[in-house]
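Colleague: Have a look at this one before I ask anything.
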Amino acid sequence: MSDHDTNPANDDELSLPRATVYKLIAEMLPKDIACAKDTRDLLLDCCNEFIHLIASESNEICEKDAKKTIAAEHVLTALRELGFEKYITEVEEAYDEHRKQQTKDRGRKSSKLSQLGMTEEELLRSQELLFAQARMRYQNQPASQEQPDNNAVTPSSNST
């Protein structure tokens with residue numbers, strides 16, 4: 001029996017989202033077939049146990065490699081060692097798709113700079129100007145005054 005089976009309080013922490021699994025089951029079945037709640041719960045338990053099995057084996061492989069983080073290679077090796085070779089190609093394809101999506105997301109983040117309408121040099125000049133103005137206000141301000149200047153130039157109002 002695994003550690004998470006002995007403590008029911010941990011069931012939610014170590015389980016897939018019930019509603020998501022139920023939705024996947026409904027999507028996979030033909031429209032004219034219903035699935036009993038007990039059957040859905042059994043499938044959820046099987047999915048959780050499968051993931052726990054793969055994760056445990058991957059962790060053991062990771063430890064043998066003297067690594068602290070489970071990598072994709074550890075999961076693929078675990079699938080192979082546990083006799084799930086037929087899933088390896090599909091898992092590799094999903095992993096490649098995931099990496100491509102991550103690369104695309106990084107590209108979107110870096111393209112935000114180009115969407116600002118200013119070059120990086122213009123943004124740096126604007127930032128330096130704002131810092132200089134703030135420094136001057138701070139140095140010229142009497143110690144008792146702590147009111148910010150509402151007429152300060154902001155990046156959105158500076159159109160240089």
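Ligands are numbered from 1 in the order shown, chains are lettered A, B, ... in the order of the structure tokens, and residues start at 1 in each chain.
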Show which residues sit within 12 Å of Tyr87 (chain A), as a ChimeraX atom specification. Count only C-alpha atoms, and ignore same-chain residues fewer than 6 positions away.
Modeller: /A:75-80,93-94
Colleague: As an NGL selection string, please: every residue in region 3-148 of chain A that DSSP puts in helix (DSSP H, G or I).
Modeller: :A and (3-5 or 8-10 or 18-28 or 37-64 or 72-81 or 85-115 or 120-140)
Colleague: Have a look at CA of Glu121 (chain A) and CA of Arg106 (chain A) and let me know their distance in Å, one decimal.
Modeller: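 One can read the CA of Glu121 (chain A) to CA of Arg106 (chain A) distance as 21.6 Å.
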Colleague: Could you check which of A:Lys23, A:Lys86, A:Lys64, A:Arg18 is closest to Leu44 (chain A), using only C-alpha atoms?
Modeller: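 Of all the options, A:Arg18 lies closest to Leu44 (chain A).
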Colleague: Tell me which protein, DNA and RNA residues are within 10 Å of Ile61 (chain A), counting only C-alpha atoms, leaving out same-chain ones fewer than 4 positions away, and put them as a ChimeraX atom specification.
Modeller: /A:55-57,65-67,70-71,73-75,77-78,81
Colleague: Put those residues in a file: C-alpha atoms, as a compact mmCIF listing (two decimals), in the first residue's frame.
Modeller:
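As written to disk, selection35.txt reads:
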```txt
# COMPACT_ATOMS: atom_id res chain seq x y z
CA ALA A 55 6.48 9.19 -10.83
CA SER A 56 7.89 6.77 -8.24
CA GLU A 57 9.87 4.84 -10.83
CA ASP A 65 21.59 9.17 -11.77
CA ALA A 66 22.43 11.34 -8.72
CA LYS A 67 20.03 14.04 -9.93
CA ILE A 70 13.12 14.37 -12.54
CA ALA A 71 13.74 15.01 -16.23
CA GLU A 73 14.49 11.18 -19.88
CA HIS A 74 13.79 9.70 -16.44
CA VAL A 75 10.08 9.41 -17.23
CA THR A 77 13.15 5.30 -18.96
CA ALA A 78 10.52 4.55 -16.29
CA GLU A 81 11.32 -0.33 -17.51
```
Colleague: Using only C-alpha atoms, which residues sit within 8 Å of Asn48 (chain A) once same-chain residues fewer than 2 positions away are excluded, as a tab-separated table (two decimals) with all heavy atoms, in the first residue's frame?
Modeller:
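What follows is the written file selection-v6.tsv:
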```tsv
chain	number	residue	atom	x	y	z
A	14	LEU	N	-2.96	14.52	-3.94
A	14	LEU	CA	-2.31	13.54	-4.80
A	14	LEU	C	-3.23	13.01	-5.89
A	14	LEU	O	-3.01	11.94	-6.43
A	14	LEU	CB	-1.79	12.37	-3.95
A	14	LEU	CG	-0.76	12.74	-2.90
A	14	LEU	CD1	-0.44	11.54	-2.03
A	14	LEU	CD2	0.50	13.26	-3.55
A	15	SER	N	-4.25	13.76	-6.21
A	15	SER	CA	-5.24	13.29	-7.16
A	15	SER	C	-5.39	14.25	-8.32
A	15	SER	O	-5.17	15.46	-8.19
A	15	SER	CB	-6.59	13.14	-6.45
A	15	SER	OG	-7.57	12.70	-7.35
A	16	LEU	N	-5.75	13.69	-9.46
A	16	LEU	CA	-6.09	14.53	-10.60
A	16	LEU	C	-7.42	15.23	-10.31
A	16	LEU	O	-8.23	14.71	-9.55
A	16	LEU	CB	-6.24	13.66	-11.85
A	16	LEU	CG	-4.97	12.99	-12.36
A	16	LEU	CD1	-5.32	11.94	-13.41
A	16	LEU	CD2	-4.02	14.01	-12.92
A	44	LEU	N	-10.66	7.27	-12.34
A	44	LEU	CA	-9.87	8.31	-11.69
A	44	LEU	C	-8.81	7.69	-10.79
A	44	LEU	O	-7.63	8.08	-10.83
A	44	LEU	CB	-10.78	9.24	-10.88
A	44	LEU	CG	-10.09	10.35	-10.09
A	44	LEU	CD1	-9.44	11.35	-11.02
A	44	LEU	CD2	-11.08	11.04	-9.17
A	45	ASP	N	-9.19	6.69	-10.01
A	45	ASP	CA	-8.23	6.00	-9.14
A	45	ASP	C	-7.14	5.32	-9.95
A	45	ASP	O	-5.96	5.35	-9.58
A	45	ASP	CB	-8.94	4.98	-8.25
A	45	ASP	CG	-9.80	5.63	-7.17
A	45	ASP	OD1	-9.60	6.83	-6.90
A	45	ASP	OD2	-10.66	4.93	-6.61
A	46	CYS	N	-7.52	4.70	-11.06
A	46	CYS	CA	-6.53	4.04	-11.93
A	46	CYS	C	-5.55	5.05	-12.52
A	46	CYS	O	-4.34	4.81	-12.56
A	46	CYS	CB	-7.22	3.27	-13.05
A	46	CYS	SG	-8.11	1.81	-12.49
A	50	PHE	N	-1.58	5.10	-11.81
A	50	PHE	CA	-0.64	5.04	-12.92
A	50	PHE	C	0.38	6.17	-12.83
A	50	PHE	O	1.59	5.95	-12.96
A	50	PHE	CB	-1.40	5.10	-14.26
A	50	PHE	CG	-0.50	5.11	-15.46
A	50	PHE	CD1	0.11	3.93	-15.88
A	50	PHE	CD2	-0.28	6.27	-16.17
A	50	PHE	CE1	0.95	3.93	-16.99
A	50	PHE	CE2	0.55	6.26	-17.28
A	50	PHE	CZ	1.16	5.10	-17.69
A	51	ILE	N	-0.10	7.37	-12.58
A	51	ILE	CA	0.80	8.52	-12.47
A	51	ILE	C	1.74	8.35	-11.28
A	51	ILE	O	2.94	8.63	-11.37
A	51	ILE	CB	0.00	9.84	-12.37
A	51	ILE	CG1	-0.67	10.12	-13.71
A	51	ILE	CG2	0.89	11.00	-11.95
A	51	ILE	CD1	-1.67	11.25	-13.70
A	52	HIS	N	1.21	7.86	-10.17
A	52	HIS	CA	2.05	7.62	-8.99
A	52	HIS	C	3.12	6.58	-9.29
A	52	HIS	O	4.29	6.74	-8.89
A	52	HIS	CB	1.18	7.19	-7.80
A	52	HIS	CG	1.96	6.98	-6.55
A	52	HIS	ND1	2.46	8.01	-5.80
A	52	HIS	CD2	2.35	5.83	-5.94
A	52	HIS	CE1	3.12	7.52	-4.77
A	52	HIS	NE2	3.07	6.20	-4.83
```
